[in-house]
$ cat input22.cif   # mmCIF, C-alpha atoms
data_start
loop_
_atom_site.label_atom_id
_atom_site.label_comp_id
_atom_site.auth_asym_id
_atom_site.auth_seq_id
_atom_site.Cartn_x
_atom_site.Cartn_y
_atom_site.Cartn_z
CA MET S 1 -4.46 -25.03 8.47
CA SER S 2 -5.11 -24.18 4.82
CA GLN S 3 -5.50 -20.63 3.54
CA THR S 4 -9.21 -21.26 2.98
CA GLU S 5 -9.72 -22.51 6.54
CA PHE S 6 -7.76 -19.53 7.85
CA LEU S 7 -10.01 -17.03 6.04
CA ILE S 8 -13.18 -18.86 7.00
CA ASN S 9 -12.14 -18.64 10.64
CA ILE S 10 -11.30 -14.92 10.41
CA THR S 11 -14.38 -13.81 8.46
CA GLN S 12 -16.65 -15.64 10.89
CA HIS S 13 -15.63 -13.10 13.52
CA GLN S 14 -16.79 -10.07 11.52
CA GLN S 15 -18.93 -7.61 13.48
CA PRO S 16 -20.01 -3.96 12.96
CA PHE S 17 -17.26 -2.21 14.94
CA PHE S 18 -14.41 -4.13 13.33
CA ASN S 19 -16.13 -3.84 9.94
CA ALA S 20 -15.98 -0.05 10.30
CA LEU S 21 -12.28 -0.23 11.17
CA ALA S 22 -11.68 -2.46 8.16
CA ALA S 23 -13.44 0.08 5.96
CA LEU S 24 -11.08 2.80 7.24
CA PHE S 25 -7.97 0.71 6.66
CA THR S 26 -9.28 -0.26 3.23
CA PHE S 27 -9.53 3.42 2.29
CA LEU S 28 -5.98 4.04 3.54
CA GLY S 29 -4.81 1.52 0.95
CA ASN S 30 -6.96 2.78 -1.92
CA GLU S 31 -5.81 4.80 -4.93
CA GLU S 32 -7.91 7.77 -3.76
CA PHE S 33 -5.91 8.02 -0.54
CA TYR S 34 -2.59 7.81 -2.38
CA PHE S 35 -3.77 10.66 -4.61
CA LEU S 36 -4.11 12.71 -1.43
CA ILE S 37 -0.94 11.81 0.47
CA VAL S 38 1.80 11.53 -2.19
CA PRO S 39 1.36 15.07 -3.65
CA LEU S 40 1.30 16.46 -0.11
CA VAL S 41 4.97 15.58 0.34
CA TYR S 42 6.05 17.13 -2.98
CA TRP S 43 3.93 20.29 -2.73
CA CYS S 44 4.18 21.01 0.99
CA ILE S 45 7.19 19.30 2.56
CA ALA S 46 10.19 18.66 0.28
CA LYS S 47 10.38 18.46 -3.51
CA GLN S 48 13.24 15.99 -3.75
CA ALA S 49 11.78 13.65 -1.14
CA GLY S 50 8.33 13.99 -2.74
CA PHE S 51 9.65 13.12 -6.17
CA ARG S 52 11.54 10.10 -4.88
CA LEU S 53 8.49 8.92 -2.97
CA PHE S 54 6.31 9.36 -6.06
CA TYR S 55 8.68 7.47 -8.34
CA ILE S 56 9.39 4.61 -5.93
CA PHE S 57 5.71 4.25 -5.07
CA LEU S 58 4.56 4.25 -8.69
CA LEU S 59 7.21 1.72 -9.71
CA SER S 60 6.01 -0.48 -6.85
CA VAL S 61 2.39 -0.15 -7.98
CA THR S 62 3.41 -1.01 -11.55
CA ILE S 63 5.29 -4.11 -10.42
CA ASN S 64 2.31 -5.14 -8.30
CA ALA S 65 -0.08 -4.86 -11.26
CA PHE S 66 2.35 -6.79 -13.47
CA LEU S 67 2.58 -9.63 -10.92
CA LYS S 68 -1.20 -9.72 -10.47
CA ILE S 69 -1.79 -10.17 -14.19
CA THR S 70 1.14 -12.55 -14.64
CA TYR S 71 0.07 -14.97 -11.89
CA ALA S 72 -3.70 -14.41 -12.37
CA ILE S 73 -4.67 -16.02 -9.04
CA GLU S 74 -8.38 -15.84 -8.27
CA ARG S 75 -9.49 -13.95 -5.18
CA PRO S 76 -11.25 -15.81 -2.32
CA ILE S 77 -14.44 -13.87 -3.07
CA GLY S 78 -17.30 -16.33 -3.51
CA THR S 79 -15.48 -19.23 -1.86
CA GLU S 80 -17.87 -21.22 0.33
CA GLY S 81 -17.59 -20.22 3.98
CA ILE S 82 -15.68 -16.98 3.31
CA ASN S 83 -17.70 -13.80 3.80
CA SER S 84 -16.21 -10.95 1.75
CA LEU S 85 -16.80 -7.28 2.58
CA TYR S 86 -16.19 -4.09 0.58
CA ILE S 87 -15.80 -6.03 -2.65
CA GLU S 88 -15.86 -2.78 -4.64
CA SER S 89 -12.35 -2.04 -3.33
CA ALA S 90 -11.15 -5.14 -5.17
CA GLU S 91 -13.00 -4.49 -8.43
CA VAL S 92 -10.55 -1.88 -9.69
CA GLY S 93 -8.17 -4.02 -11.73
CA SER S 94 -8.62 -4.90 -15.39
CA HIS S 95 -8.32 -8.65 -14.62
CA TYR S 96 -10.63 -8.90 -11.61
CA PRO S 97 -11.20 -11.39 -9.96
CA TYR S 98 -8.00 -13.03 -11.22
CA ASP S 99 -5.76 -10.43 -9.61
CA SER S 100 -5.35 -11.60 -6.04
CA PHE S 101 -1.58 -12.07 -5.86
CA PRO S 102 0.12 -10.10 -4.43
CA SER S 103 -2.03 -7.74 -2.39
CA GLY S 104 -1.91 -4.18 -3.71
CA HIS S 105 -3.01 -2.79 -0.36
CA ALA S 106 -0.22 -4.61 1.48
CA GLN S 107 2.46 -3.73 -1.06
CA GLY S 108 1.34 -0.14 -1.60
CA SER S 109 1.02 0.70 2.09
CA THR S 110 4.39 -0.89 2.88
CA THR S 111 6.05 1.11 0.10
CA LEU S 112 4.43 4.40 1.09
CA TRP S 113 4.75 4.27 4.87
CA GLY S 114 8.03 2.40 4.78
CA TYR S 115 9.65 5.13 2.69
CA LEU S 116 8.12 7.92 4.79
CA ALA S 117 9.45 6.22 7.92
CA TYR S 118 12.87 6.00 6.30
CA LEU S 119 12.78 9.72 5.45
CA LEU S 120 11.70 10.84 8.93
CA ALA S 121 13.98 8.32 10.68
CA LYS S 122 12.10 8.65 13.98
CA PRO S 123 11.48 5.53 16.12
CA LEU S 124 7.91 6.52 16.99
CA PHE S 125 7.02 7.05 13.35
CA TRP S 126 8.57 3.68 12.47
CA VAL S 127 6.33 2.05 15.08
CA PHE S 128 3.30 3.96 13.78
CA SER S 129 4.09 2.98 10.17
CA ILE S 130 4.60 -0.70 10.93
CA ILE S 131 1.35 -0.90 12.93
CA LEU S 132 -0.54 0.89 10.15
CA ILE S 133 0.92 -1.40 7.46
CA LEU S 134 -0.06 -4.48 9.48
CA CYS S 135 -3.58 -3.14 10.08
CA ILE S 136 -4.12 -2.34 6.39
CA SER S 137 -2.72 -5.72 5.39
CA PHE S 138 -4.76 -7.65 7.94
CA SER S 139 -7.92 -5.82 6.85
CA ARG S 140 -7.60 -7.56 3.45
CA LEU S 141 -7.82 -10.90 5.23
CA TYR S 142 -10.57 -9.82 7.63
CA THR S 143 -12.69 -8.64 4.70
CA GLY S 144 -12.08 -11.89 2.80
CA LEU S 145 -10.60 -10.18 -0.25
CA HIS S 146 -7.12 -11.74 -0.28
CA TRP S 147 -5.38 -14.99 0.57
CA PRO S 148 -2.76 -14.86 3.36
CA ALA S 149 0.04 -15.50 0.83
CA ASP S 150 -1.06 -12.41 -1.14
CA VAL S 151 -0.54 -10.20 1.87
CA VAL S 152 2.77 -11.70 2.99
CA ILE S 153 4.33 -11.58 -0.49
CA GLY S 154 2.97 -8.05 -1.06
CA ILE S 155 4.84 -6.83 2.02
CA LEU S 156 8.02 -8.70 1.06
CA VAL S 157 8.01 -7.34 -2.50
CA ALA S 158 7.62 -3.79 -1.14
CA VAL S 159 10.51 -4.28 1.29
CA ILE S 160 12.75 -5.49 -1.54
CA ILE S 161 11.76 -2.50 -3.70
CA LEU S 162 12.47 -0.10 -0.83
CA ILE S 163 15.90 -1.59 -0.11
CA ILE S 164 16.95 -1.44 -3.76
CA SER S 165 15.52 2.06 -4.27
CA ILE S 166 17.15 3.53 -1.17
CA ARG S 167 20.52 2.12 -2.17
CA LEU S 168 20.24 3.49 -5.71
CA GLN S 169 18.71 6.92 -5.10
CA ASP S 170 21.94 8.74 -4.23
CA LYS S 171 23.74 7.20 -7.21
CA ILE S 172 20.94 8.33 -9.51
CA SER S 173 21.15 11.84 -8.01
CA GLN S 174 24.76 12.08 -9.15
CA LEU S 175 23.98 11.30 -12.79
CA SER S 176 24.20 14.03 -15.41
CA GLN S 177 21.08 15.89 -16.49
CA LYS S 178 21.31 14.22 -19.89
CA VAL S 179 21.20 10.76 -18.33
CA LYS S 180 18.32 11.79 -16.05
CA TRP S 181 16.33 13.00 -19.05
CA THR S 182 17.06 9.73 -20.82
CA LEU S 183 15.87 7.69 -17.83
CA ALA S 184 12.75 9.84 -17.43
CA ILE S 185 11.73 9.10 -21.03
CA VAL S 186 13.06 5.59 -21.60
CA THR S 187 11.80 4.01 -18.34
CA PRO S 188 8.07 4.62 -19.08
CA LEU S 189 8.50 3.43 -22.67
CA LEU S 190 10.13 0.22 -21.44
CA ILE S 191 7.21 -0.32 -19.07
CA VAL S 192 4.75 -0.01 -21.97
CA ALA S 193 6.82 -2.47 -24.02
CA ILE S 194 7.04 -5.03 -21.20
CA PHE S 195 3.61 -4.46 -19.70
CA PRO S 196 1.19 -3.34 -22.46
CA GLU S 197 -1.91 -3.81 -20.28
CA VAL S 198 -4.25 -1.04 -19.11
CA GLU S 199 -2.42 -0.62 -15.80
CA GLY S 200 1.03 -0.65 -17.40
CA VAL S 201 0.09 2.01 -19.94
CA LYS S 202 -1.53 4.28 -17.35
CA TYR S 203 1.33 4.07 -14.88
CA ALA S 204 3.90 4.56 -17.66
CA GLY S 205 2.11 7.73 -18.75
CA PHE S 206 2.08 8.92 -15.16
CA LEU S 207 5.82 8.30 -14.82
CA LEU S 208 6.60 10.02 -18.10
CA GLY S 209 4.65 13.15 -17.23
CA ALA S 210 6.04 13.26 -13.70
CA GLY S 211 9.65 12.69 -14.75
CA ILE S 212 9.56 15.37 -17.43
CA GLY S 213 7.63 17.69 -15.11
CA TYR S 214 10.15 17.37 -12.28
CA LEU S 215 13.14 18.07 -14.51
CA PHE S 216 11.44 21.09 -16.10
CA GLU S 217 10.30 22.40 -12.72
CA ASP S 218 13.83 22.18 -11.40
CA LYS S 219 15.12 24.16 -14.37
CA LYS S 220 12.37 26.72 -15.03
CA VAL S 221 10.08 27.10 -12.01
CA ARG S 222 12.24 26.30 -8.97
CA MET S 223 9.43 26.56 -6.45
CA ILE S 224 10.48 27.23 -2.86
CA ILE S 225 8.09 25.61 -0.39
CA SER S 226 6.99 28.12 2.24
CA LYS S 227 7.30 27.36 5.95
CA LYS S 228 3.94 29.00 6.62
CA VAL S 229 1.09 26.54 7.18
CA TRP S 230 -1.53 28.70 5.47
CA ARG S 231 0.56 28.86 2.31
CA LYS S 232 1.08 25.11 2.33
CA THR S 233 -2.66 24.63 2.82
CA ALA S 234 -3.47 26.97 -0.06
CA ALA S 235 -0.98 25.25 -2.35
CA TYR S 236 -2.32 21.81 -1.46
CA ALA S 237 -5.92 22.91 -2.11
CA VAL S 238 -5.08 24.47 -5.48
CA GLY S 239 -3.01 21.45 -6.45
CA LEU S 240 -5.76 18.97 -5.60
CA VAL S 241 -8.41 20.96 -7.47
CA GLY S 242 -6.26 20.88 -10.58
CA LEU S 243 -5.42 17.21 -10.09
CA PHE S 244 -9.00 16.02 -9.83
CA ALA S 245 -10.20 18.43 -12.54
CA LEU S 246 -7.72 16.86 -14.94
CA GLN S 247 -8.56 13.35 -13.82
CA VAL S 248 -12.30 13.84 -14.38
CA GLY S 249 -12.18 16.33 -17.26
CA LEU S 250 -9.75 14.42 -19.45
CA LYS S 251 -11.68 11.21 -18.86
CA VAL S 252 -14.78 12.93 -20.27
CA LEU S 253 -12.99 14.62 -23.17
CA LEU S 254 -10.73 11.81 -24.37
CA PRO S 255 -11.98 8.54 -25.91
CA GLU S 256 -11.58 5.30 -23.96
CA MET S 257 -8.48 4.01 -25.70
CA LEU S 258 -5.12 2.96 -24.27
CA VAL S 259 -3.24 5.70 -26.09
CA PHE S 260 -5.51 8.33 -24.57
CA ASP S 261 -5.17 6.74 -21.13
CA PHE S 262 -1.43 7.18 -21.56
CA ILE S 263 -1.92 10.83 -22.50
CA ARG S 264 -4.39 11.47 -19.68
CA TYR S 265 -2.16 10.06 -16.97
CA GLY S 266 0.84 11.80 -18.51
CA CYS S 267 -0.99 15.13 -18.17
CA ILE S 268 -1.85 14.37 -14.54
CA GLY S 269 1.80 13.59 -13.78
CA LEU S 270 2.89 16.75 -15.58
CA TRP S 271 0.43 18.83 -13.59
CA GLY S 272 1.51 17.37 -10.26
CA LEU S 273 5.21 18.01 -10.69
CA LEU S 274 5.31 21.01 -13.03
CA GLY S 275 1.91 22.62 -13.60
CA ALA S 276 0.92 22.91 -9.94
CA PRO S 277 4.27 24.38 -8.80
CA TYR S 278 4.08 26.88 -11.71
CA VAL S 279 0.61 27.97 -10.57
CA PHE S 280 1.74 28.20 -6.92
CA VAL S 281 4.49 30.61 -7.96
CA LYS S 282 2.27 32.64 -10.31
CA LEU S 283 -0.37 33.02 -7.59
CA HIS S 284 2.38 34.09 -5.17
CA ILE S 285 1.55 31.24 -2.82
CA TYR S 286 5.17 30.17 -3.01
CA LYS S 287 8.26 32.09 -4.06
CA LYS S 288 10.61 31.23 -6.89
CA ASP S 289 14.32 30.59 -6.46
CA PHE S 290 15.85 33.38 -8.55
CA GLU S 291 19.42 32.37 -7.88
CA ALA S 292 21.43 32.38 -11.10
CA THR S 293 23.27 29.29 -10.01
CA ILE S 294 21.03 26.48 -8.78
CA PRO S 295 22.46 24.78 -5.69
CA SER S 296 23.50 21.20 -6.23
CA GLU S 297 20.90 19.84 -3.85
CA HIS S 298 18.15 21.29 -6.08
CA LEU S 299 19.52 19.33 -9.02
CA SER S 300 19.41 15.95 -7.34
CA VAL S 301 16.63 13.51 -8.10
#
$ encode --input "input22.cif" --output "structure tokens"
Amino acid sequence: MSQTEFLINITQHQQPFFNALAALFTFLGNEEFYFLIVPLVYWCIAKQAGFRLFYIFLLSVTINAFLKITYAIERPIGTEGINSLYIESAEVGSHYPYDSFPSGHAQGSTTLWGYLAYLLAKPLFWVFSIILILCISFSRLYTGLHWPADVVIGILVAVIILIISIRLQDKISQLSQKVKWTLAIVTPLLIVAIFPEVEGVKYAGFLLGAGIGYLFEDKKVRMIISKKVWRKTAAYAVGLVGLFALQVGLKVLLPEMLVFDFIRYGCIGLWGLLGAPYVFVKLHIYKKDFEATIPSEHLSV
């Protein structure tokens, strides 16, 4: 059975209840959802784990965008016999509709939930994560927005990224601060040089702001995440308000040029990993670590 025949067969079984489920799983793989879940880990659970998740996830998203533009495979949307739903969720890339391979939803969800499952290391959460990844991935086929190969390769690429990242993270943690600063600055600049498209520039700016923000936060702010739920909730609310204010406000204030996209996303990354923790401490939502000597675990990245 060809990929076209496979999608025709699947999309012929669309019906309201499953369409609603597909809409939910589509949202769980959208950028808006990632904007909600990734900061939650850094602001409310564990800074080191949150930073690692952020960096691994954003590198995965960057690689996905690079592959999409490099291969430029057209989506199945408009193919005779294939009924596509929620097309707006696919119209976010700069090269739409020639951005089908690999699936961003499949790769992004595998990276996010795969790494969270690795961090928690609980069998039930592994099962939950795998089921969720498969549901999100299958929803891209059910809605007729991706070819089967897009989904399969998206998952495989994410798994490879996770394996490499997990093996390297402890080695990177042991590097000197000077080397970490060099990596935080050079890595985004290399991305811009290799991938000078809209997505590459935006994600590079994000990484630059976040990398610098994390290193400064660890040196100057040293936020201690409270164990109290109400404090975590307050911090998350304040952080999100600032995040979306910057996202919308800077888009209005700055001209639509790549260099300003780089600056805008850099500011958002800086807010997420430095500005928000600084505000949490100043508002006495969280306490600051006043220890003269910072424990080694606080210095790891």
$ resolve_selection --input "input22.cif" --expression "the PyMOL selection byres ((chain S and resi 25) around 12)" --output "ChimeraX atom specification"
/S:18-24,26-30,33,86,89,105-106,109,131-143
$ atom_distance --input "input22.cif" --atom1 "atom CA of S:Gly154" --atom2 "atom CA of S:Ala65"
11.1 Å
$ closest_atom_pairs --input "input22.cif" --of "stretch 43-70 of chain S" --to "stretch 230-242 of chain S" --cutoff "10 Å" --atoms "all atoms listed in the file" --output "tab-separated table"
residue	atom	partner	partner_atom	distance
S:Trp43	CA	S:Tyr236	CA	6.6
S:Cys44	CA	S:Lys232	CA	5.3
S:Ile45	CA	S:Lys232	CA	8.4
$ atom_distance --input "input22.cif" --atom1 "atom CA of S:Phe101" --atom2 "atom CA of S:Gln3"
13.3 Å
$ atom_distance --input "input22.cif" --atom1 "atom CA of S:Val127" --atom2 "atom CA of S:Leu85"
27.9 Å
$ closest_residue --input "input22.cif" --among "S:Gly78, S:Leu145, S:Tyr55, S:Ile285" --to "S:Ala184" --atoms "all atoms listed in the file"
S:Tyr55
$ residues_around --input "input22.cif" --residues "S:Val281" --least-positions-apart "3" --cutoff "12 Å" --atoms "only C-alpha atoms" --output "PDB file with C-alpha atoms, in the frame of the given file"
ATOM      1  CA  TRP S  43       3.930  20.290  -2.730  1.00  0.00           C
ATOM      2  CA  GLU S 217      10.300  22.400 -12.720  1.00  0.00           C
ATOM      3  CA  LYS S 220      12.370  26.720 -15.030  1.00  0.00           C
ATOM      4  CA  VAL S 221      10.080  27.100 -12.010  1.00  0.00           C
ATOM      5  CA  ARG S 222      12.240  26.300  -8.970  1.00  0.00           C
ATOM      6  CA  MET S 223       9.430  26.560  -6.450  1.00  0.00           C
ATOM      7  CA  ILE S 224      10.480  27.230  -2.860  1.00  0.00           C
ATOM      8  CA  ILE S 225       8.090  25.610  -0.390  1.00  0.00           C
ATOM      9  CA  SER S 226       6.990  28.120   2.240  1.00  0.00           C
ATOM     10  CA  ARG S 231       0.560  28.860   2.310  1.00  0.00           C
ATOM     11  CA  ALA S 234      -3.470  26.970  -0.060  1.00  0.00           C
ATOM     12  CA  ALA S 235      -0.980  25.250  -2.350  1.00  0.00           C
ATOM     13  CA  VAL S 238      -5.080  24.470  -5.480  1.00  0.00           C
ATOM     14  CA  GLY S 239      -3.010  21.450  -6.450  1.00  0.00           C
ATOM     15  CA  LEU S 274       5.310  21.010 -13.030  1.00  0.00           C
ATOM     16  CA  GLY S 275       1.910  22.620 -13.600  1.00  0.00           C
ATOM     17  CA  ALA S 276       0.920  22.910  -9.940  1.00  0.00           C
ATOM     18  CA  PRO S 277       4.270  24.380  -8.800  1.00  0.00           C
ATOM     19  CA  TYR S 278       4.080  26.880 -11.710  1.00  0.00           C
ATOM     20  CA  HIS S 284       2.380  34.090  -5.170  1.00  0.00           C
ATOM     21  CA  ILE S 285       1.550  31.240  -2.820  1.00  0.00           C
ATOM     22  CA  TYR S 286       5.170  30.170  -3.010  1.00  0.00           C
ATOM     23  CA  LYS S 287       8.260  32.090  -4.060  1.00  0.00           C
ATOM     24  CA  LYS S 288      10.610  31.230  -6.890  1.00  0.00           C
ATOM     25  CA  ASP S 289      14.320  30.590  -6.460  1.00  0.00           C
ATOM     26  CA  PHE S 290      15.850  33.380  -8.550  1.00  0.00           C
TER      27      PHE S 290
END
$ closest_residue --input "input22.cif" --among "S:Val252, S:Gly269, S:Ile87, S:Asp218" --to "S:Lys47" --atoms "only C-alpha atoms"
S:Asp218
$ resolve_selection --input "input22.cif" --expression "the PyMOL selection byres ((chain S and resi 68) around 8)" --output "list in words"
Asn64, Ala65, Phe66, Leu67, Ile69, Thr70, Tyr71, Ala72, Ile73, Tyr98, Asp99, Ser100, Phe101 and Pro102 of chain S
$ axis_aligned_box --input "input22.cif" --around "stretch 12-30 of chain S" --padding-each-side "5 Å" --output "JSON"
{"center_x": -12.4, "center_y": -5.8, "center_z": 6.5, "size_x": 25.2, "size_y": 29.7, "size_z": 26.9}
$ resolve_selection --input "input22.cif" --expression "the PyMOL selection byres ((chain S and resi 8) around 12)" --output "tab-separated table (two decimals) with C-alpha atoms, in the frame of the given file"
chain	number	residue	atom	x	y	z
S	1	MET	CA	-4.46	-25.03	8.47
S	2	SER	CA	-5.11	-24.18	4.82
S	3	GLN	CA	-5.50	-20.63	3.54
S	4	THR	CA	-9.21	-21.26	2.98
S	5	GLU	CA	-9.72	-22.51	6.54
S	6	PHE	CA	-7.76	-19.53	7.85
S	7	LEU	CA	-10.01	-17.03	6.04
S	9	ASN	CA	-12.14	-18.64	10.64
S	10	ILE	CA	-11.30	-14.92	10.41
S	11	THR	CA	-14.38	-13.81	8.46
S	12	GLN	CA	-16.65	-15.64	10.89
S	13	HIS	CA	-15.63	-13.10	13.52
S	14	GLN	CA	-16.79	-10.07	11.52
S	76	PRO	CA	-11.25	-15.81	-2.32
S	77	ILE	CA	-14.44	-13.87	-3.07
S	78	GLY	CA	-17.30	-16.33	-3.51
S	79	THR	CA	-15.48	-19.23	-1.86
S	80	GLU	CA	-17.87	-21.22	0.33
S	81	GLY	CA	-17.59	-20.22	3.98
S	82	ILE	CA	-15.68	-16.98	3.31
S	83	ASN	CA	-17.70	-13.80	3.80
S	84	SER	CA	-16.21	-10.95	1.75
S	141	LEU	CA	-7.82	-10.90	5.23
S	142	TYR	CA	-10.57	-9.82	7.63
S	143	THR	CA	-12.69	-8.64	4.70
S	144	GLY	CA	-12.08	-11.89	2.80
S	145	LEU	CA	-10.60	-10.18	-0.25
S	146	HIS	CA	-7.12	-11.74	-0.28
S	147	TRP	CA	-5.38	-14.99	0.57
S	148	PRO	CA	-2.76	-14.86	3.36
$ build_atoms --input "input22.cif" --residues "stretch 127-147 of chain S" --atoms "N, CA and C atoms" --output "PDB file, in the coordinates of the input"
ATOM      1  N   VAL S 127       7.320   2.889  14.393  1.00  0.00           N
ATOM      2  CA  VAL S 127       6.330   2.050  15.080  1.00  0.00           C
ATOM      3  C   VAL S 127       4.937   2.294  14.505  1.00  0.00           C
ATOM      4  N   PHE S 128       4.597   3.590  14.351  1.00  0.00           N
ATOM      5  CA  PHE S 128       3.300   3.960  13.780  1.00  0.00           C
ATOM      6  C   PHE S 128       3.135   3.351  12.384  1.00  0.00           C
ATOM      7  N   SER S 129       4.161   3.463  11.549  1.00  0.00           N
ATOM      8  CA  SER S 129       4.090   2.980  10.170  1.00  0.00           C
ATOM      9  C   SER S 129       3.927   1.469  10.117  1.00  0.00           C
ATOM     10  N   ILE S 130       4.679   0.761  10.932  1.00  0.00           N
ATOM     11  CA  ILE S 130       4.600  -0.700  10.930  1.00  0.00           C
ATOM     12  C   ILE S 130       3.216  -1.169  11.390  1.00  0.00           C
ATOM     13  N   ILE S 131       2.690  -0.531  12.440  1.00  0.00           N
ATOM     14  CA  ILE S 131       1.350  -0.900  12.930  1.00  0.00           C
ATOM     15  C   ILE S 131       0.308  -0.620  11.853  1.00  0.00           C
ATOM     16  N   LEU S 132       0.424   0.533  11.187  1.00  0.00           N
ATOM     17  CA  LEU S 132      -0.540   0.890  10.150  1.00  0.00           C
ATOM     18  C   LEU S 132      -0.469  -0.085   8.979  1.00  0.00           C
ATOM     19  N   ILE S 133       0.735  -0.443   8.556  1.00  0.00           N
ATOM     20  CA  ILE S 133       0.920  -1.400   7.460  1.00  0.00           C
ATOM     21  C   ILE S 133       0.277  -2.745   7.816  1.00  0.00           C
ATOM     22  N   LEU S 134       0.509  -3.196   9.043  1.00  0.00           N
ATOM     23  CA  LEU S 134      -0.060  -4.480   9.480  1.00  0.00           C
ATOM     24  C   LEU S 134      -1.583  -4.418   9.543  1.00  0.00           C
ATOM     25  N   CYS S 135      -2.111  -3.295  10.002  1.00  0.00           N
ATOM     26  CA  CYS S 135      -3.580  -3.140  10.080  1.00  0.00           C
ATOM     27  C   CYS S 135      -4.209  -3.142   8.689  1.00  0.00           C
ATOM     28  N   ILE S 136      -3.603  -2.390   7.764  1.00  0.00           N
ATOM     29  CA  ILE S 136      -4.120  -2.340   6.390  1.00  0.00           C
ATOM     30  C   ILE S 136      -4.039  -3.729   5.757  1.00  0.00           C
ATOM     31  N   SER S 137      -2.922  -4.396   5.971  1.00  0.00           N
ATOM     32  CA  SER S 137      -2.720  -5.720   5.390  1.00  0.00           C
ATOM     33  C   SER S 137      -3.696  -6.733   5.977  1.00  0.00           C
ATOM     34  N   PHE S 138      -3.848  -6.708   7.299  1.00  0.00           N
ATOM     35  CA  PHE S 138      -4.760  -7.650   7.940  1.00  0.00           C
ATOM     36  C   PHE S 138      -6.210  -7.400   7.522  1.00  0.00           C
ATOM     37  N   SER S 139      -6.548  -6.140   7.248  1.00  0.00           N
ATOM     38  CA  SER S 139      -7.920  -5.820   6.850  1.00  0.00           C
ATOM     39  C   SER S 139      -8.306  -6.542   5.559  1.00  0.00           C
ATOM     40  N   ARG S 140      -7.318  -6.844   4.701  1.00  0.00           N
ATOM     41  CA  ARG S 140      -7.600  -7.560   3.450  1.00  0.00           C
ATOM     42  C   ARG S 140      -7.948  -9.020   3.712  1.00  0.00           C
ATOM     43  N   LEU S 141      -7.467  -9.542   4.834  1.00  0.00           N
ATOM     44  CA  LEU S 141      -7.820 -10.900   5.230  1.00  0.00           C
ATOM     45  C   LEU S 141      -9.165 -10.898   5.968  1.00  0.00           C
ATOM     46  N   TYR S 142      -9.326  -9.940   6.861  1.00  0.00           N
ATOM     47  CA  TYR S 142     -10.570  -9.820   7.630  1.00  0.00           C
ATOM     48  C   TYR S 142     -11.768  -9.640   6.720  1.00  0.00           C
ATOM     49  N   THR S 143     -11.581  -8.886   5.635  1.00  0.00           N
ATOM     50  CA  THR S 143     -12.690  -8.640   4.700  1.00  0.00           C
ATOM     51  C   THR S 143     -12.817  -9.740   3.654  1.00  0.00           C
ATOM     52  N   GLY S 144     -11.964 -10.750   3.711  1.00  0.00           N
ATOM     53  CA  GLY S 144     -12.080 -11.890   2.800  1.00  0.00           C
ATOM     54  C   GLY S 144     -11.799 -11.547   1.355  1.00  0.00           C
ATOM     55  N   LEU S 145     -10.889 -10.612   1.119  1.00  0.00           N
ATOM     56  CA  LEU S 145     -10.600 -10.180  -0.250  1.00  0.00           C
ATOM     57  C   LEU S 145      -9.259 -10.697  -0.774  1.00  0.00           C
ATOM     58  N   HIS S 146      -8.425 -11.224   0.125  1.00  0.00           N
ATOM     59  CA  HIS S 146      -7.120 -11.740  -0.280  1.00  0.00           C
ATOM     60  C   HIS S 146      -6.778 -13.004   0.501  1.00  0.00           C
ATOM     61  N   TRP S 147      -5.945 -13.839  -0.119  1.00  0.00           N
ATOM     62  CA  TRP S 147      -5.380 -14.990   0.570  1.00  0.00           C
ATOM     63  C   TRP S 147      -4.206 -14.523   1.432  1.00  0.00           C
TER      64      TRP S 147
END
